[in-house]
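As provided, final.cif (mmCIF, C-alpha atoms and all ligand atoms) reads as follows.
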```cif
data_target
loop_
_atom_site.label_atom_id
_atom_site.label_comp_id
_atom_site.auth_asym_id
_atom_site.auth_seq_id
_atom_site.Cartn_x
_atom_site.Cartn_y
_atom_site.Cartn_z
CA MET A 1 3.02 6.44 -14.99
CA ILE A 2 4.06 4.28 -12.06
CA ILE A 3 3.10 5.53 -8.61
CA VAL A 4 5.95 5.13 -6.13
CA SER A 5 5.00 4.96 -2.45
CA PRO A 6 8.05 4.88 -0.15
CA SER A 7 7.22 3.15 3.14
CA LEU A 8 7.97 5.28 6.18
CA LEU A 9 8.52 2.07 8.17
CA SER A 10 12.12 2.05 6.90
CA ALA A 11 12.79 5.71 7.73
CA ASN A 12 15.00 6.85 10.59
CA PHE A 13 12.53 7.23 13.47
CA LEU A 14 14.98 9.46 15.33
CA ASN A 15 14.88 11.90 12.45
CA LEU A 16 11.53 11.52 10.75
CA GLU A 17 11.33 15.19 9.78
CA LYS A 18 14.58 15.00 7.83
CA ASP A 19 13.46 11.85 6.02
CA ILE A 20 10.08 13.37 5.17
CA GLU A 21 11.80 16.45 3.77
CA MET A 22 13.92 14.13 1.62
CA PHE A 23 10.71 12.43 0.47
CA ASN A 24 9.05 15.82 -0.22
CA LYS A 25 11.91 16.87 -2.49
CA SER A 26 11.87 13.56 -4.36
CA ASN A 27 9.68 12.57 -7.31
CA ALA A 28 7.76 9.99 -5.26
CA GLN A 29 4.04 10.73 -5.41
CA TRP A 30 2.67 8.87 -2.35
CA LEU A 31 3.83 8.25 1.22
CA HIS A 32 3.09 4.72 2.51
CA TYR A 33 2.28 4.62 6.22
CA ASP A 34 2.19 1.14 7.81
CA VAL A 35 0.08 0.78 10.94
CA MET A 36 0.71 -2.45 12.90
CA ASP A 37 -1.13 -3.46 16.05
CA GLY A 38 0.96 -6.34 17.45
CA ASN A 39 -2.08 -8.58 17.03
CA PHE A 40 -2.95 -8.93 13.34
CA VAL A 41 0.80 -8.87 12.69
CA PRO A 42 3.64 -9.65 15.12
CA ASN A 43 4.96 -6.08 15.19
CA ILE A 44 3.89 -2.63 16.41
CA SER A 45 4.75 0.45 14.35
CA PHE A 46 3.04 3.84 14.62
CA GLY A 47 -0.51 5.12 14.68
CA PRO A 48 -2.77 8.09 13.99
CA GLN A 49 -1.08 10.66 16.24
CA ILE A 50 2.28 10.40 14.56
CA LEU A 51 0.49 10.49 11.19
CA GLU A 52 -1.17 13.79 12.14
CA GLN A 53 2.27 15.28 12.72
CA VAL A 54 3.61 13.78 9.49
CA CYS A 55 0.73 15.32 7.52
CA LYS A 56 1.72 18.76 8.79
CA ILE A 57 4.99 18.61 6.90
CA THR A 58 3.98 17.01 3.60
CA ASP A 59 1.38 17.88 0.98
CA LYS A 60 1.77 14.59 -0.86
CA PHE A 61 -0.79 11.78 -1.12
CA ILE A 62 -1.04 9.79 2.14
CA ASP A 63 -1.35 6.04 1.54
CA VAL A 64 -2.20 4.31 4.84
CA HIS A 65 -1.94 0.52 5.20
CA ILE A 66 -3.56 -0.72 8.40
CA MET A 67 -2.44 -4.18 9.53
CA VAL A 68 -4.87 -4.38 12.44
CA ALA A 69 -7.33 -6.98 13.73
CA ASN A 70 -10.32 -4.60 14.00
CA PRO A 71 -10.38 -2.32 10.94
CA LEU A 72 -14.04 -1.32 11.38
CA LYS A 73 -13.07 0.43 14.61
CA VAL A 74 -9.57 1.56 13.72
CA VAL A 75 -10.56 3.50 10.57
CA ASP A 76 -12.26 6.01 12.90
CA TYR A 77 -8.96 6.72 14.66
CA PHE A 78 -7.68 8.41 11.52
CA ASP A 79 -10.35 11.08 11.27
CA LYS A 80 -7.99 13.89 12.26
CA ALA A 81 -5.22 12.92 9.85
CA ARG A 82 -5.32 13.84 6.17
CA VAL A 83 -5.58 10.33 4.73
CA ASN A 84 -6.07 9.92 0.97
CA MET A 85 -6.10 6.11 0.62
CA LEU A 86 -6.91 3.68 3.42
CA THR A 87 -6.02 0.00 2.92
CA PHE A 88 -7.13 -2.70 5.33
CA HIS A 89 -6.79 -6.49 5.29
CA TYR A 90 -9.32 -8.98 3.97
CA GLU A 91 -8.14 -11.47 6.63
CA ALA A 92 -9.09 -9.03 9.43
CA VAL A 93 -12.84 -9.04 8.74
CA LYS A 94 -15.18 -11.86 9.71
CA ASP A 95 -17.46 -11.99 6.68
CA LEU A 96 -18.57 -10.28 3.48
CA GLU A 97 -20.95 -8.03 5.40
CA GLU A 98 -18.11 -6.65 7.51
CA LEU A 99 -15.87 -6.35 4.44
CA ASN A 100 -18.52 -4.16 2.81
CA ALA A 101 -19.09 -2.21 6.01
CA VAL A 102 -15.42 -1.22 6.30
CA ILE A 103 -15.22 -0.17 2.64
CA ASP A 104 -18.42 1.88 2.97
CA LYS A 105 -17.20 3.52 6.17
CA ILE A 106 -13.95 4.60 4.52
CA HIS A 107 -15.81 5.99 1.50
CA ALA A 108 -18.26 7.84 3.77
CA LYS A 109 -15.28 9.74 5.16
CA GLY A 110 -14.33 10.84 1.64
CA ILE A 111 -11.26 8.57 1.58
CA LYS A 112 -10.33 6.12 -1.17
CA ALA A 113 -10.69 2.50 -0.04
CA ALA A 114 -8.42 -0.48 -0.71
CA VAL A 115 -8.23 -4.07 0.50
CA SER A 116 -5.03 -6.03 0.93
CA ILE A 117 -4.49 -9.78 0.79
CA LYS A 118 -1.73 -11.73 2.53
CA PRO A 119 0.36 -14.22 0.51
CA ASN A 120 -1.77 -17.25 1.48
CA THR A 121 -5.07 -15.62 0.55
CA PRO A 122 -6.35 -16.33 -2.97
CA VAL A 123 -7.16 -13.16 -4.88
CA GLU A 124 -10.56 -14.48 -6.02
CA VAL A 125 -11.98 -13.89 -2.53
CA LEU A 126 -12.19 -10.20 -3.47
CA GLU A 127 -14.55 -10.78 -6.42
CA PRO A 128 -17.71 -9.53 -4.63
CA VAL A 129 -16.19 -6.15 -3.73
CA LEU A 130 -13.84 -5.33 -6.60
CA CYS A 131 -16.47 -3.12 -8.25
CA LYS A 132 -16.33 -0.68 -5.33
CA LEU A 133 -12.62 -0.61 -4.56
CA ASP A 134 -10.21 2.16 -5.51
CA MET A 135 -7.19 -0.12 -5.16
CA VAL A 136 -6.14 -3.67 -4.30
CA LEU A 137 -2.89 -4.22 -2.41
CA VAL A 138 -1.16 -7.53 -3.11
CA MET A 139 1.28 -8.41 -0.32
CA SER A 140 4.48 -9.90 -1.73
CA VAL A 141 5.82 -10.73 1.77
CA GLU A 142 4.10 -11.75 5.01
CA PRO A 143 3.01 -8.43 6.49
CA GLY A 144 4.80 -7.25 9.62
CA PHE A 145 8.34 -6.29 8.75
CA GLY A 146 10.35 -4.39 6.15
CA GLY A 147 13.35 -5.88 4.40
CA GLN A 148 11.92 -9.32 3.54
CA LYS A 149 12.39 -11.29 0.33
CA PHE A 150 9.96 -10.69 -2.55
CA MET A 151 7.62 -13.62 -3.32
CA THR A 152 7.58 -13.84 -7.12
CA GLU A 153 4.63 -16.21 -7.12
CA MET A 154 2.36 -13.32 -5.98
CA LEU A 155 2.61 -11.79 -9.45
CA SER A 156 -0.06 -14.12 -10.83
CA LYS A 157 -2.54 -12.37 -8.50
CA CYS A 158 -1.69 -9.08 -10.22
CA ASP A 159 -2.35 -10.62 -13.64
CA TRP A 160 -5.69 -11.94 -12.41
CA LEU A 161 -6.66 -8.51 -11.01
CA HIS A 162 -5.69 -6.85 -14.27
CA ASN A 163 -7.73 -9.30 -16.37
CA TRP A 164 -10.71 -8.89 -14.06
CA ARG A 165 -10.67 -5.12 -14.29
CA ILE A 166 -10.53 -5.25 -18.09
CA GLU A 167 -13.29 -7.85 -18.36
CA ASN A 168 -15.51 -5.93 -15.96
CA ASN A 169 -14.61 -2.43 -17.10
CA LEU A 170 -13.29 -1.40 -13.66
CA ASN A 171 -10.44 0.91 -12.88
CA TYR A 172 -9.09 0.09 -9.43
CA LEU A 173 -5.34 0.41 -9.05
CA ILE A 174 -3.11 -2.59 -8.36
CA GLN A 175 -0.46 -2.00 -5.69
CA ILE A 176 2.26 -4.38 -4.52
CA ASP A 177 4.07 -4.23 -1.19
CA GLY A 178 7.07 -6.11 0.15
CA GLY A 179 10.59 -6.69 -1.13
CA ILE A 180 10.36 -4.20 -3.98
CA ASN A 181 13.64 -3.09 -5.53
CA TYR A 182 14.40 -2.22 -9.16
CA GLU A 183 14.44 -5.84 -10.39
CA ASN A 184 11.27 -6.89 -8.57
CA GLY A 185 9.60 -3.60 -9.39
CA LYS A 186 10.26 -4.27 -13.06
CA LYS A 187 8.56 -7.66 -12.81
CA ALA A 188 5.63 -6.12 -10.91
CA VAL A 189 5.12 -3.51 -13.62
CA GLU A 190 5.27 -6.23 -16.29
CA HIS A 191 2.47 -7.91 -14.31
CA HIS A 192 0.34 -4.74 -14.41
CA CYS A 193 1.03 -3.14 -11.04
CA ASP A 194 0.28 0.59 -10.97
CA SER A 195 1.76 1.41 -7.58
CA LEU A 196 4.96 0.12 -5.97
CA VAL A 197 5.52 0.34 -2.22
CA ALA A 198 9.19 0.30 -1.33
CA GLY A 199 10.62 0.70 2.16
CA SER A 200 14.18 -0.47 2.56
CA TYR A 201 15.00 -0.01 -1.13
CA CYS A 202 14.21 3.72 -0.83
CA PHE A 203 15.26 4.64 2.69
CA ASN A 204 18.32 2.37 2.97
CA ASN A 205 19.51 2.73 -0.61
CA PRO A 206 23.33 2.76 -0.82
CA VAL A 207 23.22 5.32 -3.65
CA SER A 208 20.42 7.61 -2.55
CA PHE A 209 16.71 7.89 -1.85
CA ASP A 210 16.25 9.85 -5.09
CA TYR A 211 18.09 7.24 -7.10
CA ALA A 212 15.79 4.50 -5.76
CA VAL A 213 12.61 6.49 -6.40
CA ASP A 214 13.68 7.54 -9.90
CA SER A 215 14.70 4.00 -10.82
CA LEU A 216 11.18 2.78 -9.95
CA LEU A 217 9.56 5.72 -11.73
CA SER A 218 11.54 4.84 -14.85
CA LEU A 219 9.56 1.57 -15.08
CA LYS A 220 6.91 3.33 -17.14
CA LYS A 221 3.81 1.49 -18.10
CA GLU A 222 2.98 1.42 -21.77
CA ASN A 223 -0.65 0.52 -21.27
CA LYS A 224 -2.97 -0.36 -18.44
C1 LIG B 1 5.32 -4.85 5.52
C2 LIG B 1 4.86 -3.47 5.16
C3 LIG B 1 5.63 -2.87 4.05
C4 LIG B 1 7.09 -2.66 4.35
C5 LIG B 1 7.80 -2.85 3.05
O1 LIG B 1 4.37 -5.47 6.30
O2 LIG B 1 3.50 -3.50 4.74
O3 LIG B 1 5.04 -1.67 3.59
O4 LIG B 1 7.38 -1.41 4.87
O5 LIG B 1 9.16 -2.84 3.29
P1 LIG B 1 10.19 -3.39 2.20
O6 LIG B 1 9.99 -2.58 0.95
O7 LIG B 1 11.53 -3.16 2.84
O8 LIG B 1 9.88 -4.84 1.99
ZN ZN B 2 2.67 -1.66 3.76
#
```
Entire entry expressed as C-alpha cells:
Amino acid sequence: MIIVSPSLLSANFLNLEKDIEMFNKSNAQWLHYDVMDGNFVPNISFGPQILEQVCKITDKFIDVHIMVANPLKVVDYFDKARVNMLTFHYEAVKDLEELNAVIDKIHAKGIKAAVSIKPNTPVEVLEPVLCKLDMVLVMSVEPGFGGQKFMTEMLSKCDWLHNWRIENNLNYLIQIDGGINYENGKKAVEHHCDSLVAGSYCFNNPVSFDYAVDSLLSLKKENK
C-alpha cells in the first residue's frame, strides 16, 4: 500500500482548520509538515507552535520535514507536538558524528527518524546510517517551495535505496517529495517509493483533494 502524505505547505493558511478537516476525511494516511528556517532554505514556513494546534484536530500520522540549519537543536522544539516521523537534512549536519547524534536524539524521544537528501547530494553518503533509519526522503526538487517541477533523474536514488535495503535486509521506507502528481507518482512507485509527499497536487487539485489522494493511493505496490 502506498502511503500518501499531503503537504500542509500548500493548504490555505487563512483556513487551516477547514483544510485539515478535509484531510481527516480523506484516505490519506500521513500529514506532511514542512518546517523552513529561512537559512537552510530560502523560505520560512511554520514551526512547532502551529503544529501543536494542528495535532489537536487530527489523529493521523504526523510526518515532519525540518529544512533547518541546526537540526540537533531544533528537534527539541517539537517535544510538545505529537510527531510520529521526524526528517532532517543530511546537508545540515557537519559530520557523521552529528548525523548519528541527531538520529539518536530523535529515537530517544520515541519518534521515527528519517534523513533527507537534496538533489545534488549522492545517496551513497547515507550508507553508514541506513541500518538505523526508519525512512529516507529523496528530494525531487530543491527544497524550499511547493509547486516546482519534478526531477526525474532523482528516481535512480530510489532504486539504489531499494537495492541496498534488500541486500542488507533492512526495512526503511523510501519517501519522495517535490513535484508529485499522478504521472510522477506512478514513476516513483515503479522506482520503489513507499511514501509520496504531494502538496500542490492535493491542495490545489482542480477536481478535488480526495480525487488527488485516491489517485495516488491507486498506485498500489505489488512487492517491496
Ligand atoms: C518543498 C517541500 C515539499 C513541498 C512539496 O521543499 O519539502 O514538501 O510542500 O510541494 P509540491 O508537492 O507542490 O511540490
Ligand atoms: Zn517536504
*Please identify every polymer residue within 7 Å of ligand ZN 2 (chain B), using only C-alpha atoms and all ligand atoms, and present the set as a list in words.*
Ser7, His32, Tyr33, Asp34, His65, Asp177 and Val197 of chain A
Take the residues just selected and output them with C-alpha atoms as a tab-separated table (two decimals), keeping the file's coordinate frame.
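Contents of the output file out-v4.tsv:
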```tsv
chain	number	residue	atom	x	y	z
A	7	SER	CA	7.22	3.15	3.14
A	32	HIS	CA	3.09	4.72	2.51
A	33	TYR	CA	2.28	4.62	6.22
A	34	ASP	CA	2.19	1.14	7.81
A	65	HIS	CA	-1.94	0.52	5.20
A	177	ASP	CA	4.07	-4.23	-1.19
A	197	VAL	CA	5.52	0.34	-2.22
```
*Find the residues near ligand LIG 1 (chain B). Use a cut-off of 8 Å, count only C-alpha atoms and all ligand atoms, and write them as a ChimeraX atom specification.*
/A:6-10,32-34,65,67,139,141-150,177-181,197-202
*Pick from A:Cys55, A:Ile2, A:Ala108, A:Ile44: nearest to His192 (chain A), with all atoms listed in the file counted?*
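Among the listed residues, the smallest separation from His192 (chain A) belongs to A:Ile2.
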*Which is closest to Lys105 (chain A) among A:Asp79, A:Glu167, A:Glu91, A:Glu124, if we use all atoms listed in the file?*
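Closest to Lys105 (chain A), using all atoms listed in the file: A:Asp79.
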*Rounded to one decimal in Å, what is the spacing between CA of Glu98 (chain A) and CA of Asp37 (chain A)?*
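Answer for the CA of Glu98 (chain A) to CA of Asp37 (chain A) separation: 19.3 Å.
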So which residues touch Asp63 (chain A) within 7 Å, counting all atoms listed in the file, skipping near sequence neighbours fewer than 3 positions away, as a compact mmCIF listing (two decimals) with C-alpha atoms, in the coordinates of the input?
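Writing the result to out07.txt gives the following:
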```txt
# COMPACT_ATOMS: atom_id res chain seq x y z
CA TRP A 30 2.67 8.87 -2.35
CA LEU A 31 3.83 8.25 1.22
CA HIS A 32 3.09 4.72 2.51
CA TYR A 33 2.28 4.62 6.22
CA VAL A 83 -5.58 10.33 4.73
CA ASN A 84 -6.07 9.92 0.97
CA MET A 85 -6.10 6.11 0.62
CA LEU A 86 -6.91 3.68 3.42
```
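Closest approach to Ser218 (chain A) among A:Tyr172, A:Phe23, A:Phe203, A:Tyr182: A:Tyr182, based on only C-alpha atoms.
Distances from A:Val115, A:Val125, A:Val54, A:Ile66 to Val41 (chain A) were compared using only C-alpha atoms, and the smallest one belongs to A:Ile66.
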*A:Lys132, A:Lys25, A:His89, A:Lys109 ranked by distance to Asp76 (chain A), top pick (using all atoms listed in the file)*: A:Lys109
*Identify, on the basis of all atoms listed in the file, every residue whose closest approach to Leu96 (chain A) does not exceed 12 Å; exclude the query and any residue fewer than 6 positions from it along the same chain; express the result as number ranges by chain.*
A: 90, 102-103, 125-129
